[in-house]
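Novice: Just passing along the structure, written as structure tokens.
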Amino acid sequence: MNDELLSDDYLTIAGRRYRSRLLVGSGKYRDLDETRAATLAAEAEIVTVAIRRVNIGQDPHAPSLLDVLPPDQFTILPNTAGCYNARDAVYTLQMARELLGGHKLVKLEVLGDEKTLFPHMPETLIAAETLVRDGFEVMVYCSDDPVQAKILQEIGCVAVMPLASLIGSGMGILNPWNLSLIVEQATVPVLVDAGVGTASDAAIAMELGCDGVLMNTAIAGAREPVRMARAMKLAVQAGREAYLAGRMPKRFTASPSSPTEGRVA
């Protein structure tokens, strides 16, 4: 990352600081080599892993993601993709903690149905409370509902991750107003999770004031994943800089770029 860009602007999650505000997934790539190449191009520091789908030691005889993305170089973020109730989600993350030597930072997602992959919020709340009590640092996938997001942060989740649109849909941010409300009331980082399709979607999320963006399919599903990873990195950086700079106010009348006072003729 360019040291002059956002040099002292860190993303802080559970007391740890990260330079990159782009978090990436590890699924859907052609192979592990492409996974590593795209992750490096994105300059991501946090990589989320679906414990039920990706080998990080569950099968000692198969290639492990940790061979190409070692935990001493990346923060591995176990997630509960594929879980549809609180019990399965909690068990999955307890297993991940064992596999990763006591690792506490996790991503919780409890899905409502197989068609939309919308979060099942009642089960998500139950799982979040259980995991927080058990000492986990919980980043949580949730609906773009400001009330639900507030409840999750009051439970003790270290980050809330509202969806922009359906997982893997690439439809972009469908309800920017809700995201703005969540950001406005947040006391923990807000990261857009799900629905990003291209670089402009990531930039808009950051311009709205989100603290970061997590994506997988938008990179892995691109024609050139490594190039798209670079584009997403730049989009997140640009969106963050624009948010910090503060955009000009919108007007309903034209305003000339050159001053009109003191004209010669």
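Chain identifiers are assigned as A, B, and so on, following the order in which chains appear in the structure tokens; residues are numbered from 1 within each chain, and ligands are numbered from 1 in order of appearance.
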Using DSSP on the backbone coordinates, identify all residues within region 19-130 of chain A classified as strand (DSSP E); present the result as a PyMOL selection string.
Specialist: chain A and resi 22-25+46-50+75-79+105-108
Novice: Suppose we keep C-alpha atoms; can you now write the selection as a PDB file, in the first residue's frame?
Specialist:
```pdb
ATOM      1  CA  LEU A  22     -10.512  -4.408   2.191  1.00  0.00           C
ATOM      2  CA  LEU A  23     -11.271  -7.863   3.595  1.00  0.00           C
ATOM      3  CA  VAL A  24     -11.450 -10.779   1.189  1.00  0.00           C
ATOM      4  CA  GLY A  25     -12.854 -14.263   1.038  1.00  0.00           C
ATOM      5  CA  ILE A  46      -7.886 -10.201   6.867  1.00  0.00           C
ATOM      6  CA  VAL A  47      -9.020 -13.279   4.947  1.00  0.00           C
ATOM      7  CA  THR A  48     -12.286 -14.981   5.773  1.00  0.00           C
ATOM      8  CA  VAL A  49     -12.560 -18.763   5.524  1.00  0.00           C
ATOM      9  CA  ALA A  50     -15.691 -20.909   5.347  1.00  0.00           C
ATOM     10  CA  THR A  75      -5.430 -12.660   9.987  1.00  0.00           C
ATOM     11  CA  ILE A  76      -7.541 -15.711   9.253  1.00  0.00           C
ATOM     12  CA  LEU A  77     -11.219 -15.002   9.920  1.00  0.00           C
ATOM     13  CA  PRO A  78     -13.213 -18.245  10.276  1.00  0.00           C
ATOM     14  CA  ASN A  79     -16.834 -17.916   9.198  1.00  0.00           C
ATOM     15  CA  LEU A 105     -11.734 -13.309  16.051  1.00  0.00           C
ATOM     16  CA  VAL A 106     -14.537 -14.854  13.988  1.00  0.00           C
ATOM     17  CA  LYS A 107     -17.242 -13.972  11.496  1.00  0.00           C
ATOM     18  CA  LEU A 108     -20.739 -15.126  12.375  1.00  0.00           C
TER      19      LEU A 108
END
```
Novice: With only C-alpha atoms as the counted atoms, please give the residues lying no more than 10 Å from Arg53 (chain A), apart from itself and same-chain residues fewer than 4 positions off, as a list in words.
Specialist: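 Everything that qualifies: Gly27, Val49, Thr80, Ala81 and Gly82 of chain A.
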Novice: For the residues in the current selection, export all heavy atoms as a CSV table (one decimal), in the first residue's frame.
Specialist:
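Writing the result to result.csv gives the following:
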```
chain,number,residue,atom,x,y,z
A,27,GLY,N,-12.9,-18.3,-1.1
A,27,GLY,CA,-13.5,-19.4,-1.9
A,27,GLY,C,-13.7,-19.0,-3.4
A,27,GLY,O,-13.4,-17.8,-3.8
A,49,VAL,N,-12.6,-17.4,5.9
A,49,VAL,CA,-12.6,-18.8,5.5
A,49,VAL,C,-13.8,-19.5,6.0
A,49,VAL,O,-14.2,-19.5,7.2
A,49,VAL,CB,-11.3,-19.5,6.1
A,49,VAL,CG1,-11.3,-20.9,5.7
A,49,VAL,CG2,-10.0,-18.7,5.8
A,80,THR,N,-19.0,-18.9,9.4
A,80,THR,CA,-20.0,-20.0,9.5
A,80,THR,C,-20.9,-20.1,8.3
A,80,THR,O,-22.1,-20.4,8.4
A,80,THR,CB,-20.8,-19.8,10.8
A,80,THR,OG1,-21.5,-18.5,10.7
A,80,THR,CG2,-20.0,-19.9,12.0
A,81,ALA,N,-20.3,-19.8,7.1
A,81,ALA,CA,-21.1,-20.0,5.9
A,81,ALA,C,-21.7,-21.4,5.8
A,81,ALA,O,-21.0,-22.4,6.1
A,81,ALA,CB,-20.2,-19.7,4.7
A,82,GLY,N,-23.0,-21.5,5.4
A,82,GLY,CA,-23.6,-22.8,5.4
A,82,GLY,C,-24.4,-23.2,6.6
A,82,GLY,O,-25.0,-24.2,6.6
```
Novice: Using only C-alpha atoms, determine which residues lie at most 10 Å from Ile155 (chain A), disregarding the query and same-chain residues fewer than 4 positions distant; provide the list as a list of chain:residue names.
Specialist: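 The residues that qualify are A:Leu125, A:Ile126, A:Ala128, A:Glu129, A:Thr130, A:Val132, A:Arg133, A:Val138, A:Ala149, A:Lys150, A:Ile151.
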Novice: Using DSSP on the backbone coordinates, identify all residues within region 20-153 of chain A classified as alpha helix (DSSP H); present the result as number ranges by chain.
Specialist: A: 32-42, 86-99, 121-133, 146-153
Novice: Compare A:Leu100, A:Ala62, A:Leu117, A:Ala41 by their minimum atom-to-atom distance to Cys83 (chain A), counting only C-alpha atoms, and give me the closest one.
Specialist: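 Among the listed residues, the smallest separation from Cys83 (chain A) belongs to A:Leu117.
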Novice: Could you pull the residues within 7 Å of region 9-15 of chain A, counting only C-alpha atoms, minus those fewer than 4 positions along the same chain, as a PyMOL selection string?
Specialist: chain A and resi 19+21+137+158+211
Novice: Would you list the contacts of Leu179 (chain A) as a list in words, taking every protein, DNA or RNA residue within 8 Å and counting only C-alpha atoms, but skipping same-chain residues closer than 5 positions in sequence?
Specialist: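 Surrounding residues, per the criterion: Asp144, Pro146, Pro162, Leu208 and Cys210 of chain A.
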Novice: Next, write the just-selected residues to a file, as an mmCIF file, in the first residue's frame, keeping C-alpha atoms as the atom set.
Specialist:
```cif
data_model
loop_
_atom_site.group_PDB
_atom_site.id
_atom_site.type_symbol
_atom_site.label_atom_id
_atom_site.label_comp_id
_atom_site.auth_asym_id
_atom_site.auth_seq_id
_atom_site.Cartn_x
_atom_site.Cartn_y
_atom_site.Cartn_z
ATOM 1 C CA ASP A 144 -29.264 -3.684 6.777
ATOM 2 C CA PRO A 146 -30.333 -0.157 11.981
ATOM 3 C CA PRO A 162 -24.732 -5.457 6.917
ATOM 4 C CA LEU A 208 -21.055 6.456 2.878
ATOM 5 C CA CYS A 210 -18.401 2.424 6.169
#
```
Novice: Here is a test: counting only C-alpha atoms, which residue of A:Pro63, A:Gly212, A:Pro122, A:Pro71 is nearest to Asp193 (chain A)?
Specialist: A:Gly212
Novice: Could you tell me how far CA of Val213 (chain A) sits from CA of Tyr243 (chain A), in Å to one decimal place?
Specialist: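 Between these atoms lies a distance of 14.2 Å.
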Novice: From the list A:Leu214, A:Ile182, A:Leu166, A:Leu234, which residue is nearest Gly195 (chain A) when using only C-alpha atoms?
Specialist: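 The shortest atom-to-atom distance to Gly195 (chain A) comes from A:Leu166.
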Novice: Pick from A:Ser143, A:Gln153, A:Ser200, A:Ser255: nearest to Ser165 (chain A), with only C-alpha atoms counted?
Specialist: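 Checking each candidate against Ser165 (chain A), we get A:Ser143 as the closest.
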Novice: Using only C-alpha atoms, which of A:Tyr29, A:Tyr91, A:Phe136, A:Tyr84 sits nearest Thr124 (chain A)?
Specialist: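 Using only C-alpha atoms, Thr124 (chain A) sits closest to A:Tyr84.
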Novice: Using only C-alpha atoms, pick whichever of A:Glu34, A:Glu114, A:Asp88, A:Glu45 has the shortest atom-to-atom distance to Lys233 (chain A).
Specialist: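 So, comparing all the options, the nearest one is A:Glu45.
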Novice: What is the distance, in Å and to one decimal place, between CA of Leu66 (chain A) and CA of Arg97 (chain A)?
Specialist: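 These two atoms are separated by 14.5 Å.
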